[in-house]
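Shown next: coords26.txt, containing compact mmCIF, C-alpha atoms.
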```
# COMPACT_ATOMS: atom_id res chain seq x y z
CA MET A 1 0.00 0.00 0.00
CA SER A 2 1.16 3.47 -0.60
CA ALA A 3 0.49 6.72 1.04
CA HIS A 4 0.74 10.00 -0.75
CA ALA A 5 -0.03 13.62 -0.16
CA GLU A 6 -1.63 15.75 -2.81
CA ALA A 7 1.35 17.96 -2.44
CA HIS A 8 2.22 21.27 -4.01
CA ALA A 9 5.89 20.48 -4.40
CA SER A 10 6.82 22.58 -7.43
CA HIS A 11 4.72 25.67 -6.73
CA PRO A 12 3.31 27.60 -3.79
CA PRO A 13 0.18 26.11 -2.16
CA LEU A 14 -3.05 27.15 -3.84
CA ALA A 15 -4.85 29.97 -2.08
CA ASN A 16 -8.00 28.77 -0.36
CA GLN A 17 -10.79 31.28 -0.89
CA SER A 18 -13.59 29.65 1.08
CA SER A 19 -13.43 31.67 4.29
CA ARG A 20 -11.02 34.54 3.62
CA VAL A 21 -12.13 38.13 3.92
CA ASP A 22 -12.52 39.32 0.34
CA ALA A 23 -10.30 42.19 -0.77
CA PRO A 24 -12.97 44.92 -1.29
CA THR A 25 -14.48 44.27 2.17
CA LEU A 26 -11.04 44.25 3.79
CA GLY A 27 -10.12 47.47 1.99
CA MET A 28 -13.30 49.21 3.09
CA LEU A 29 -12.88 47.99 6.69
CA LEU A 30 -9.29 49.24 6.82
CA PHE A 31 -10.37 52.56 5.34
CA ILE A 32 -13.19 52.99 7.86
CA ALA A 33 -10.87 52.00 10.72
CA SER A 34 -8.30 54.62 9.67
CA GLU A 35 -11.00 57.30 9.29
CA ILE A 36 -12.48 56.47 12.69
CA MET A 37 -9.03 56.85 14.23
CA LEU A 38 -8.45 60.15 12.39
CA PHE A 39 -11.78 61.74 13.32
CA GLY A 40 -11.62 60.03 16.72
CA SER A 41 -8.36 61.83 17.57
CA PHE A 42 -9.91 65.21 16.69
CA PHE A 43 -13.06 64.44 18.68
CA THR A 44 -10.95 63.32 21.64
CA ALA A 45 -9.24 66.72 21.60
CA TYR A 46 -12.63 68.44 21.31
CA PHE A 47 -14.19 66.57 24.24
CA PHE A 48 -11.02 67.03 26.29
CA VAL A 49 -11.12 70.79 25.79
CA ARG A 50 -14.83 71.03 26.43
CA VAL A 51 -15.23 68.63 29.36
CA VAL A 52 -11.95 69.37 31.16
CA ASN A 53 -12.36 73.16 30.92
CA ASP A 54 -16.06 72.89 31.79
CA THR A 55 -16.73 76.37 30.43
CA ALA A 56 -19.50 77.66 28.21
CA TRP A 57 -19.48 76.40 24.62
CA PRO A 58 -18.73 78.40 22.56
CA PRO A 59 -16.67 80.52 24.98
CA GLU A 60 -17.82 84.03 25.74
CA GLY A 61 -17.27 86.42 22.84
CA PHE A 62 -17.47 83.66 20.22
CA HIS A 63 -20.53 82.93 18.15
CA LEU A 64 -21.24 79.94 15.91
CA PRO A 65 -23.65 80.37 12.95
CA VAL A 66 -25.91 77.47 13.96
CA PHE A 67 -28.70 78.34 11.50
CA VAL A 68 -26.47 78.68 8.43
CA ALA A 69 -24.67 75.45 9.36
CA GLY A 70 -28.09 73.81 9.83
CA VAL A 71 -29.09 74.80 6.29
CA ASN A 72 -25.73 73.50 5.10
CA THR A 73 -26.44 70.21 6.90
CA ALA A 74 -29.76 69.93 5.08
CA ILE A 75 -27.94 70.56 1.78
CA LEU A 76 -25.42 67.80 2.48
CA VAL A 77 -28.08 65.29 3.58
CA THR A 78 -30.06 66.12 0.42
CA SER A 79 -26.93 65.34 -1.63
CA SER A 80 -26.98 61.86 -0.10
CA PHE A 81 -30.53 61.40 -1.37
CA THR A 82 -29.47 62.46 -4.87
CA ILE A 83 -26.46 60.13 -5.04
CA HIS A 84 -28.68 57.28 -3.84
CA TRP A 85 -31.18 58.20 -6.55
CA ALA A 86 -28.38 58.26 -9.14
CA LEU A 87 -27.27 54.77 -8.19
CA GLN A 88 -30.78 53.36 -8.09
CA SER A 89 -31.33 54.88 -11.56
CA ILE A 90 -28.36 53.15 -13.18
CA LYS A 91 -29.33 49.88 -11.50
CA ARG A 92 -32.63 50.17 -13.40
CA GLY A 93 -30.90 51.22 -16.61
CA ASN A 94 -32.03 54.87 -16.36
CA ARG A 95 -29.00 56.81 -17.62
CA ALA A 96 -30.72 60.21 -17.47
CA GLY A 97 -31.50 59.62 -13.78
CA LEU A 98 -27.87 58.68 -13.15
CA GLN A 99 -26.58 61.82 -14.85
CA ALA A 100 -29.12 64.12 -13.17
CA GLY A 101 -28.46 62.55 -9.76
CA LEU A 102 -24.70 62.94 -10.09
CA VAL A 103 -24.90 66.55 -11.34
CA LEU A 104 -27.21 67.47 -8.47
CA THR A 105 -24.94 65.75 -5.95
CA VAL A 106 -21.85 67.59 -7.20
CA ALA A 107 -23.77 70.90 -7.23
CA LEU A 108 -25.04 70.40 -3.67
CA GLY A 109 -21.57 69.37 -2.48
CA LEU A 110 -20.08 72.51 -4.06
CA VAL A 111 -22.73 74.70 -2.41
CA PHE A 112 -21.89 73.08 0.95
CA LEU A 113 -18.17 73.67 0.50
CA LEU A 114 -18.59 77.29 -0.69
CA THR A 115 -20.97 78.04 2.19
CA GLN A 116 -18.38 76.71 4.60
CA VAL A 117 -15.65 78.87 3.05
CA ARG A 118 -18.00 81.87 3.30
CA GLU A 119 -18.70 80.95 6.94
CA TYR A 120 -14.96 80.87 7.69
CA SER A 121 -14.51 84.36 6.20
CA ARG A 122 -17.28 85.85 8.33
CA ILE A 123 -17.09 83.89 11.55
CA GLY A 124 -14.91 86.41 13.35
CA PHE A 125 -12.24 84.18 14.87
CA ALA A 126 -9.15 82.36 13.57
CA PRO A 127 -7.65 78.91 14.22
CA HIS A 128 -5.14 80.43 16.67
CA ASP A 129 -7.89 81.99 18.86
CA LEU A 130 -7.93 79.76 21.93
CA SER A 131 -8.16 75.97 21.81
CA PHE A 132 -11.80 76.50 20.83
CA GLY A 133 -10.75 78.09 17.52
CA THR A 134 -8.18 75.39 16.86
CA ILE A 135 -10.65 72.57 17.51
CA PHE A 136 -13.42 74.23 15.49
CA TYR A 137 -11.25 74.84 12.43
CA GLY A 138 -9.50 71.48 12.85
CA LEU A 139 -12.71 69.42 12.85
CA THR A 140 -14.67 71.38 10.27
CA GLY A 141 -11.56 71.73 8.09
CA LEU A 142 -10.85 68.00 8.27
CA HIS A 143 -14.41 67.35 7.22
CA GLY A 144 -14.18 69.97 4.46
CA ALA A 145 -11.09 68.19 3.09
CA HIS A 146 -13.12 64.97 2.95
CA VAL A 147 -15.92 66.79 1.09
CA PHE A 148 -13.35 68.08 -1.41
CA VAL A 149 -12.03 64.54 -2.02
CA GLY A 150 -15.61 63.28 -2.39
CA LEU A 151 -16.38 66.02 -4.90
CA CYS A 152 -13.33 65.04 -6.97
CA LEU A 153 -14.50 61.40 -7.03
CA LEU A 154 -18.07 62.41 -7.89
CA THR A 155 -16.89 64.77 -10.64
CA MET A 156 -14.97 61.91 -12.23
CA ALA A 157 -18.04 59.66 -11.94
CA THR A 158 -20.19 62.42 -13.52
CA ILE A 159 -17.82 62.83 -16.46
CA ARG A 160 -17.78 59.07 -16.97
CA ALA A 161 -21.61 58.94 -16.77
CA PHE A 162 -21.86 61.55 -19.56
CA ARG A 163 -19.32 59.62 -21.63
CA GLY A 164 -21.55 56.55 -21.54
CA HIS A 165 -19.79 54.55 -18.84
CA PHE A 166 -21.67 52.41 -16.28
CA THR A 167 -24.39 49.84 -16.87
CA PRO A 168 -27.01 48.19 -14.63
CA ALA A 169 -24.48 45.37 -14.03
CA HIS A 170 -21.27 47.45 -13.77
CA HIS A 171 -21.45 50.63 -11.72
CA HIS A 172 -18.63 50.30 -9.19
CA GLY A 173 -17.38 53.73 -10.23
CA VAL A 174 -20.56 55.26 -8.77
CA GLU A 175 -21.11 52.83 -5.90
CA ILE A 176 -17.72 53.40 -4.22
CA PRO A 177 -17.88 57.26 -4.32
CA GLY A 178 -21.48 56.87 -3.11
CA ILE A 179 -20.37 54.90 -0.05
CA TYR A 180 -17.67 57.49 0.60
CA TRP A 181 -20.16 60.36 0.22
CA HIS A 182 -22.57 58.81 2.75
CA PHE A 183 -19.65 58.34 5.15
CA VAL A 184 -18.74 62.05 4.75
CA ASP A 185 -22.38 62.97 5.49
CA VAL A 186 -22.46 60.78 8.59
CA MET A 187 -19.31 62.49 9.87
CA TRP A 188 -20.79 65.94 9.22
CA ILE A 189 -23.92 65.09 11.23
CA VAL A 190 -21.68 64.10 14.15
CA VAL A 191 -19.63 67.30 13.74
CA TYR A 192 -22.70 69.54 13.44
CA ALA A 193 -24.53 67.97 16.37
CA THR A 194 -21.56 68.09 18.76
CA ILE A 195 -19.79 71.32 17.72
CA TYR A 196 -22.67 73.58 16.73
CA VAL A 197 -25.78 72.40 18.57
CA LEU A 198 -25.00 70.53 21.80
CA MET B 1 -19.39 40.66 9.88
CA LEU B 2 -21.64 43.65 10.42
CA ASN B 3 -20.33 46.44 8.19
CA PRO B 4 -22.61 49.43 7.47
CA PHE B 5 -20.45 50.47 4.51
CA ARG B 6 -20.53 47.20 2.59
CA SER B 7 -22.65 48.69 -0.18
CA GLU B 8 -24.11 52.08 -1.09
CA SER B 9 -27.61 50.99 -0.04
CA GLU B 10 -26.37 49.92 3.40
CA ALA B 11 -24.37 53.14 3.79
CA TYR B 12 -27.49 55.13 2.83
CA ARG B 13 -29.55 53.27 5.44
CA PHE B 14 -26.83 53.91 8.01
CA LEU B 15 -26.89 57.62 7.18
CA LEU B 16 -30.67 57.77 7.73
CA LEU B 17 -30.27 55.99 11.07
CA THR B 18 -27.53 58.45 12.05
CA VAL B 19 -29.79 61.39 11.18
CA GLY B 20 -32.57 59.93 13.36
CA TYR B 21 -30.15 59.10 16.19
CA PHE B 22 -28.68 62.61 16.41
CA ALA B 23 -32.02 64.33 15.80
CA ALA B 24 -33.47 62.54 18.87
CA ILE B 25 -30.46 63.42 21.04
CA VAL B 26 -30.39 67.08 19.95
CA LEU B 27 -34.16 67.43 20.35
CA ALA B 28 -34.08 66.00 23.88
CA ALA B 29 -31.09 68.15 24.86
CA VAL B 30 -32.53 71.38 23.44
CA VAL B 31 -36.11 70.92 24.67
CA LEU B 32 -35.62 69.09 27.99
CA GLY B 33 -32.04 69.90 28.90
CA ARG B 34 -28.56 68.36 28.92
CA TRP B 35 -29.40 65.37 31.15
CA ALA B 36 -32.36 64.36 28.99
CA GLY B 37 -30.07 64.49 25.94
CA LEU B 38 -27.54 62.30 27.74
CA THR B 39 -30.27 59.81 28.71
CA VAL B 40 -31.52 59.57 25.12
CA PHE B 41 -27.91 59.13 23.96
CA VAL B 42 -27.31 56.24 26.40
CA VAL B 43 -30.65 54.52 25.64
CA LEU B 44 -30.28 54.80 21.85
CA THR B 45 -26.63 53.70 21.93
CA LEU B 46 -27.46 50.61 24.01
CA ALA B 47 -30.40 49.78 21.72
CA ALA B 48 -28.17 50.16 18.63
CA LEU B 49 -25.47 47.94 20.15
CA TYR B 50 -28.06 45.30 21.08
CA LEU B 51 -29.51 45.28 17.56
CA ALA B 52 -26.05 45.22 15.96
CA LEU B 53 -24.96 42.27 18.10
CA ARG B 54 -28.21 40.40 17.44
CA ARG B 55 -27.92 40.98 13.72
CA GLY B 56 -24.26 39.98 13.78
CA THR B 57 -25.03 36.55 15.31
CA PRO B 58 -25.43 34.10 12.46
CA GLU B 59 -28.52 31.89 12.32
CA PRO B 60 -27.77 28.19 12.99
CA ARG B 61 -27.25 26.47 9.65
CA PRO B 62 -29.48 23.56 8.69
CA GLN B 63 -27.82 20.15 8.72
CA GLU B 64 -26.24 19.42 5.37
CA ALA B 65 -26.77 16.01 3.75
CA MET B 66 -23.72 15.10 1.68
CA VAL B 67 -23.71 13.03 -1.48
CA ARG B 68 -22.08 9.63 -1.06
CA ARG B 69 -19.31 8.93 -3.55
CA GLY B 70 -17.48 5.70 -4.44
CA THR B 71 -18.69 2.14 -4.91
CA GLU B 72 -20.97 0.12 -2.57
CA ASP B 73 -18.20 -2.04 -1.07
CA GLU B 74 -15.92 0.93 -0.50
CA ARG B 75 -15.72 2.68 2.88
CA ARG B 76 -14.67 6.30 2.75
CA ILE B 77 -13.24 7.82 5.90
CA LEU B 78 -12.49 11.50 6.26
CA VAL B 79 -9.98 12.38 9.00
CA ILE B 80 -9.64 15.92 10.31
CA ALA B 81 -6.65 16.57 12.51
CA ASN B 82 -4.09 19.26 13.01
CA GLU B 83 -1.29 18.90 15.59
CA THR B 84 -2.55 15.44 16.52
CA VAL B 85 -2.40 14.25 12.93
CA GLY B 86 0.60 12.01 13.67
CA GLY B 87 -0.75 10.60 16.97
CA GLY B 88 -0.85 6.87 17.69
CA ALA B 89 -4.47 6.89 18.96
CA LEU B 90 -5.64 8.34 15.67
CA ARG B 91 -3.61 5.86 13.65
CA GLU B 92 -5.09 2.97 15.63
CA GLU B 93 -8.63 4.29 15.18
CA ILE B 94 -8.18 4.65 11.41
CA LYS B 95 -6.61 1.21 11.15
CA GLN B 96 -9.44 -0.36 13.19
CA ARG B 97 -12.15 1.28 11.13
CA ALA B 98 -10.54 0.39 7.85
CA GLU B 99 -10.24 -3.32 8.72
CA GLY B 100 -12.41 -5.67 6.69
CA HIS B 101 -13.32 -3.01 4.15
CA ARG B 102 -11.93 -1.73 0.93
CA GLU B 103 -11.14 1.59 2.51
CA ARG B 104 -10.31 5.02 1.18
CA VAL B 105 -8.95 7.42 3.74
CA LEU B 106 -8.58 11.16 3.20
CA VAL B 107 -6.66 13.07 5.85
CA VAL B 108 -7.33 16.80 5.93
CA CYS B 109 -5.05 19.03 7.91
CA PRO B 110 -6.54 22.53 8.38
CA ALA B 111 -4.04 25.33 7.83
CA LEU B 112 -4.52 27.02 11.19
CA ASN B 113 -3.43 30.62 11.09
CA ALA B 114 -3.13 33.65 13.37
CA PRO B 115 -6.23 35.91 13.07
CA LEU B 116 -4.27 38.89 11.73
CA ARG B 117 -2.49 36.76 9.12
CA HIS B 118 -5.86 35.26 8.13
CA TRP B 119 -7.36 38.72 7.70
CA VAL B 120 -4.59 39.89 5.42
CA SER B 121 -4.64 36.59 3.51
CA ASP B 122 -1.10 35.68 4.57
CA GLU B 123 -1.67 31.92 4.54
CA ASP B 124 1.45 30.57 2.88
CA GLY B 125 3.29 29.83 6.15
CA ALA B 126 0.26 28.15 7.76
CA ARG B 127 -0.37 26.01 4.68
CA ALA B 128 3.29 25.01 4.40
CA ALA B 129 3.36 23.95 8.08
CA ALA B 130 0.11 22.00 7.66
CA GLN B 131 1.52 20.34 4.54
CA GLN B 132 4.59 19.25 6.49
CA ARG B 133 2.50 17.74 9.32
CA LEU B 134 0.28 16.02 6.79
CA GLU B 135 3.15 14.44 4.90
CA SER B 136 4.78 12.98 8.02
CA SER B 137 1.41 11.68 9.18
CA LEU B 138 0.71 10.01 5.83
CA ALA B 139 4.12 8.38 5.97
CA ARG B 140 3.29 6.94 9.42
CA LEU B 141 -0.09 5.73 8.23
CA ALA B 142 1.62 4.02 5.32
CA GLU B 143 3.98 2.29 7.78
CA ALA B 144 0.90 1.10 9.71
CA GLY B 145 -0.53 -0.32 6.47
CA VAL B 146 -3.24 2.27 5.82
CA ASP B 147 -3.64 3.60 2.32
CA ALA B 148 -4.42 7.27 2.74
CA SER B 149 -4.29 10.42 0.72
CA GLY B 150 -4.26 13.88 2.16
CA GLU B 151 -4.71 17.56 1.61
CA VAL B 152 -4.36 20.83 3.41
CA GLY B 153 -7.74 22.35 4.25
CA ASP B 154 -9.22 25.67 5.22
CA GLY B 155 -8.10 27.21 8.52
CA ASP B 156 -11.62 26.82 9.91
CA PRO B 157 -11.96 23.07 10.69
CA LEU B 158 -15.73 23.04 9.99
CA GLN B 159 -15.16 24.71 6.63
CA ALA B 160 -12.37 22.21 5.93
CA ILE B 161 -14.78 19.31 6.66
CA GLU B 162 -17.44 20.82 4.41
CA ASP B 163 -14.97 21.38 1.57
CA ALA B 164 -13.70 17.79 1.84
CA LEU B 165 -17.19 16.26 2.11
CA ARG B 166 -18.26 17.99 -1.08
CA THR B 167 -15.40 16.50 -3.08
CA PHE B 168 -14.71 13.26 -1.19
CA GLY B 169 -18.20 12.32 0.07
CA ALA B 170 -17.21 10.34 3.20
CA ASP B 171 -19.20 7.58 4.95
CA GLU B 172 -17.86 8.81 8.27
CA VAL B 173 -15.70 11.55 9.70
CA ILE B 174 -13.04 11.19 12.39
CA ILE B 175 -12.04 14.35 14.23
CA SER B 176 -8.86 14.13 16.27
CA THR B 177 -8.17 16.63 19.05
CA HIS B 178 -5.96 17.10 22.07
CA PRO B 179 -7.54 16.10 25.45
CA GLU B 180 -10.05 18.49 27.00
CA GLY B 181 -8.39 21.52 28.55
CA ARG B 182 -5.62 21.58 25.96
CA SER B 183 -7.73 21.55 22.82
CA HIS B 184 -8.74 24.81 21.16
CA TRP B 185 -11.08 22.88 18.89
CA LEU B 186 -13.00 21.43 21.85
CA GLU B 187 -13.12 24.86 23.45
CA ARG B 188 -14.59 26.25 20.21
CA GLY B 189 -17.07 23.38 19.96
CA VAL B 190 -15.75 22.03 16.67
CA VAL B 191 -16.87 18.43 17.34
CA SER B 192 -20.39 19.35 18.51
CA GLY B 193 -20.61 21.90 15.69
CA ALA B 194 -19.70 19.25 13.13
CA ARG B 195 -22.34 16.86 14.56
CA GLU B 196 -24.98 19.57 14.24
CA ARG B 197 -23.94 20.66 10.78
CA PHE B 198 -23.16 17.46 8.86
CA ASP B 199 -25.41 14.48 8.31
CA VAL B 200 -22.63 11.84 8.56
CA PRO B 201 -21.46 9.74 11.54
CA ILE B 202 -18.75 11.64 13.39
CA THR B 203 -16.22 9.98 15.69
CA HIS B 204 -14.15 12.02 18.10
CA VAL B 205 -10.68 10.66 18.87
CA ILE B 206 -8.69 12.15 21.72
CA THR B 207 -4.96 12.02 21.07
CA ASP B 208 -2.70 12.73 24.03
CA LEU B 209 0.63 13.41 22.38
CA GLU B 210 2.39 14.11 25.69
CA ALA B 211 1.33 10.73 27.14
CA GLU B 212 2.41 9.02 23.93
CA ARG B 213 5.82 10.70 24.10
CA GLU B 214 6.24 9.71 27.75
CA GLY B 215 5.16 6.16 26.92
CA ALA B 216 7.67 5.99 24.10
CA GLY B 217 10.44 7.42 26.36
```

Can I see the file as structure tokens?
Amino acid sequence: MSAHAEAHASHPPLANQSSRVDAPTLGMLLFIASEIMLFGSFFTAYFFVRVVNDTAWPPEGFHLPVFVAGVNTAILVTSSFTIHWALQSIKRGNRAGLQAGLVLTVALGLVFLLTQVREYSRIGFAPHDLSFGTIFYGLTGLHGAHVFVGLCLLTMATIRAFRGHFTPAHHHGVEIPGIYWHFVDVMWIVVYATIYVL
Amino acid sequence: MLNPFRSESEAYRFLLLTVGYFAAIVLAAVVLGRWAGLTVFVVLTLAALYLALRRGTPEPRPQEAMVRRGTEDERRILVIANETVGGGALREEIKQRAEGHRERVLVVCPALNAPLRHWVSDEDGARAAAQQRLESSLARLAEAGVDASGEVGDGDPLQAIEDALRTFGADEVIISTHPEGRSHWLERGVVSGARERFDVPITHVITDLEAEREGAG
């Protein structure tokens, strides 16, 4: 009788796919973990300043434009509806819906970003004005940078949509920026609720 | 794994939930005061964690009936073992079960890996080590007069059994582990899990390698 192993003598062992974490999921998990750590470090600084100092928020003499930022929040949340609509449209083969949804999303994102720039120019304090100013500009600026990256991704997706790319079966180029855009919106809701309102 | 950003639709749903979550906290804090806001925050966070954990727990899988392969007079035995793959108790069990039959034995050695290495798909080392254990075990089985073939399986022993049953179609499965207290597989309920999941007779063999070494010394 003979015993033998079904060996892989001349080449590396074959990769077994049955229970591995697939690459897109792993990539997205690593990305979310890094973003949570990034925003988490800024929020830690914010809560440290606010809780340890135990003073009024915002400090006396400072004023946050809660209403304007609230309107801006509504604009950003609306842009999430439009990107979702765009993606649902291409899944049903509706190219016009995809294009309209993407254009609206980019437009709303731009309005949000420009409103924030306008807010910075009129707010009346600078990043070096107390730890309050540093934290405020740090958190909102970090978020603004994420919106800018999201707008770049969405602009590319929009151009591709008008050039005839994407089908009901293949629309990764819209899906991934869409996930990112929702993530940016979620982070803004956290920023708005904690910095401006509470 | 529960991941709210797996797809755009799930991320969209997560966004809506976030809007509702913060709206409730802000509303309570603004209308009823800071402590009411904190209470709503704690209650909603606990409820969200409870739902996330409940959703993350997989439903028990129905028992899987496997297709029998091979001829009528042939007895197919699937052996799952890792560190105990070369143990004397396991060899004796296989030999005993194969007696009086035209047997076919498949030994599967799961490529156990560290969790981090598994996550980043760094499996080469684990598979090479499993391959080495398997080859020495097959050589010992051959010395004992058992005709066996072997392969390296998935790092999850239950997945390795399922993979092997689909291609090999065994009449019975033998799972070899260390004694209780030293066996990770017993701690994780691999044997009971296999009995629940697979519709084939499963024999559990305890291999005490330390006692065997002492006996040999």

Find the spatial neighbours of B:Leu158, counting all atoms listed in the file, within a cut-off of 10 Å - ignore same-chain residues fewer than 3 positions away - and output them as a ChimeraX atom specification.
/B:80,110,153-155,161-164,190-191,193-194,197-198

Name all residues at most 10 Å from stretch 122-130 of chain A (count all atoms listed in the file; drop same-chain ones fewer than 4 positions away) and give them as number ranges by chain.
A: 59, 61-65, 116-118, 134-138

Go ahead and save the picked residues with C-alpha atoms, as a PDB file, keeping the file's coordinate frame.
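Saved to again.pdb:
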```pdb
ATOM      1  CA  PRO A  59     -16.670  80.520  24.980  1.00  0.00           C
ATOM      2  CA  GLY A  61     -17.270  86.420  22.840  1.00  0.00           C
ATOM      3  CA  PHE A  62     -17.470  83.660  20.220  1.00  0.00           C
ATOM      4  CA  HIS A  63     -20.530  82.930  18.150  1.00  0.00           C
ATOM      5  CA  LEU A  64     -21.240  79.940  15.910  1.00  0.00           C
ATOM      6  CA  PRO A  65     -23.650  80.370  12.950  1.00  0.00           C
ATOM      7  CA  GLN A 116     -18.380  76.710   4.600  1.00  0.00           C
ATOM      8  CA  VAL A 117     -15.650  78.870   3.050  1.00  0.00           C
ATOM      9  CA  ARG A 118     -18.000  81.870   3.300  1.00  0.00           C
ATOM     10  CA  THR A 134      -8.180  75.390  16.860  1.00  0.00           C
ATOM     11  CA  ILE A 135     -10.650  72.570  17.510  1.00  0.00           C
ATOM     12  CA  PHE A 136     -13.420  74.230  15.490  1.00  0.00           C
ATOM     13  CA  TYR A 137     -11.250  74.840  12.430  1.00  0.00           C
ATOM     14  CA  GLY A 138      -9.500  71.480  12.850  1.00  0.00           C
TER      15      GLY A 138
END
```

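Nearest residue to B:Glu210 among B:Gly87, B:Thr45, B:Ala129, B:Ile77 is B:Gly87, counting only C-alpha atoms.
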
I'd like to know which of B:His204, B:Arg195, B:Arg54, B:Arg133 is closest to chain A, using all atoms listed in the file.
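Among B:His204, B:Arg195, B:Arg54, B:Arg133, it is B:Arg133 that comes nearest to chain A.
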
Interatomic distance, atom CA of B:Ala211 to atom CA of B:Ala142 (Å, one decimal):
22.8 Å

Counting all atoms listed in the file, figure out which residue out of A:Val147, A:Leu98, A:Ala157, A:Ala33 gets nearest to A:His172.
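Between A:Val147, A:Leu98, A:Ala157, A:Ala33, the residue approaching A:His172 most closely is A:Ala157.
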
Could you jot down the atom CA of A:Phe183 to atom CA of B:Thr39 separation for me, Å, one decimal place?
25.9 Å

Near B:Glu212, within 12 Å and counting all atoms listed in the file, which residues show up once chain neighbours fewer than 6 positions away are dropped, as a compact mmCIF listing (two decimals) with C-alpha atoms, in the frame of the given file?
```
# COMPACT_ATOMS: atom_id res chain seq x y z
CA THR B 84 -2.55 15.44 16.52
CA GLY B 86 0.60 12.01 13.67
CA GLY B 87 -0.75 10.60 16.97
CA GLY B 88 -0.85 6.87 17.69
CA ALA B 89 -4.47 6.89 18.96
CA LEU B 90 -5.64 8.34 15.67
CA HIS B 178 -5.96 17.10 22.07
CA ILE B 206 -8.69 12.15 21.72
```

Restrict the calculation to all atoms listed in the file, then for each residue of chain B with any atom at most 7 Å from an atom of chain A give the closest atom pair and their distance in Å to one decimal, rows by chain and rising residue number, as JSON lines.
```
{"residue": "B:Phe5", "atom": "CA", "partner": "A:Ile179", "partner_atom": "CA", "distance": 6.4}
{"residue": "B:Arg6", "atom": "CA", "partner": "A:Thr25", "partner_atom": "CA", "distance": 6.7}
{"residue": "B:Ser7", "atom": "CA", "partner": "A:Ile179", "partner_atom": "CA", "distance": 6.6}
{"residue": "B:Glu8", "atom": "CA", "partner": "A:Ile179", "partner_atom": "CA", "distance": 4.8}
{"residue": "B:Ala11", "atom": "CA", "partner": "A:Ile179", "partner_atom": "CA", "distance": 5.8}
{"residue": "B:Tyr12", "atom": "CA", "partner": "A:His182", "partner_atom": "CA", "distance": 6.1}
{"residue": "B:Leu15", "atom": "CA", "partner": "A:Val186", "partner_atom": "CA", "distance": 5.6}
{"residue": "B:Thr18", "atom": "CA", "partner": "A:Val186", "partner_atom": "CA", "distance": 6.6}
{"residue": "B:Val19", "atom": "CA", "partner": "A:Ile189", "partner_atom": "CA", "distance": 6.9}
{"residue": "B:Phe22", "atom": "CA", "partner": "A:Ala193", "partner_atom": "CA", "distance": 6.8}
{"residue": "B:Val26", "atom": "CA", "partner": "A:Leu198", "partner_atom": "CA", "distance": 6.7}
{"residue": "B:His118", "atom": "CA", "partner": "A:Arg20", "partner_atom": "CA", "distance": 6.9}
{"residue": "B:Trp119", "atom": "CA", "partner": "A:Val21", "partner_atom": "CA", "distance": 6.1}
{"residue": "B:Ser121", "atom": "CA", "partner": "A:Arg20", "partner_atom": "CA", "distance": 6.7}
{"residue": "B:Asp124", "atom": "CA", "partner": "A:Pro13", "partner_atom": "CA", "distance": 6.8}
{"residue": "B:Arg127", "atom": "CA", "partner": "A:Pro13", "partner_atom": "CA", "distance": 6.9}
{"residue": "B:Glu135", "atom": "CA", "partner": "A:Ala5", "partner_atom": "CA", "distance": 6.0}
{"residue": "B:Leu138", "atom": "CA", "partner": "A:Ala3", "partner_atom": "CA", "distance": 5.8}
{"residue": "B:Ala139", "atom": "CA", "partner": "A:Ala3", "partner_atom": "CA", "distance": 6.3}
{"residue": "B:Ala142", "atom": "CA", "partner": "A:Ala3", "partner_atom": "CA", "distance": 5.2}
{"residue": "B:Gly145", "atom": "CA", "partner": "A:Met1", "partner_atom": "CA", "distance": 6.5}
{"residue": "B:Asp147", "atom": "CA", "partner": "A:Ala3", "partner_atom": "CA", "distance": 5.3}
{"residue": "B:Ala148", "atom": "CA", "partner": "A:Ala3", "partner_atom": "CA", "distance": 5.2}
{"residue": "B:Ser149", "atom": "CA", "partner": "A:His4", "partner_atom": "CA", "distance": 5.3}
{"residue": "B:Gly150", "atom": "CA", "partner": "A:Ala5", "partner_atom": "CA", "distance": 4.8}
{"residue": "B:Glu151", "atom": "CA", "partner": "A:Glu6", "partner_atom": "CA", "distance": 5.7}
{"residue": "B:Asp154", "atom": "CA", "partner": "A:Asn16", "partner_atom": "CA", "distance": 6.5}
```

Among A:Val49, A:Leu139, A:Ser89, A:Ser131, A:His171 is approached most closely, using all atoms listed in the file, by A:Ser89

Can you work out which one of A:Leu142, A:Ala169, A:Val111, A:Leu30 has the shortest atom-to-atom distance to A:Phe43, counting all atoms listed in the file?
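Once distances to A:Phe43 are computed over all atoms listed in the file, the minimum belongs to A:Leu142.
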
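The space between atom CA of B:Ile25 and atom CA of B:Val40 spans 5.7 Å.
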
With distances taken over all atoms listed in the file, which of B:Val200, B:Val120, B:Ile94, B:Ala81 is nearest to B:Ser176?
B:Ala81
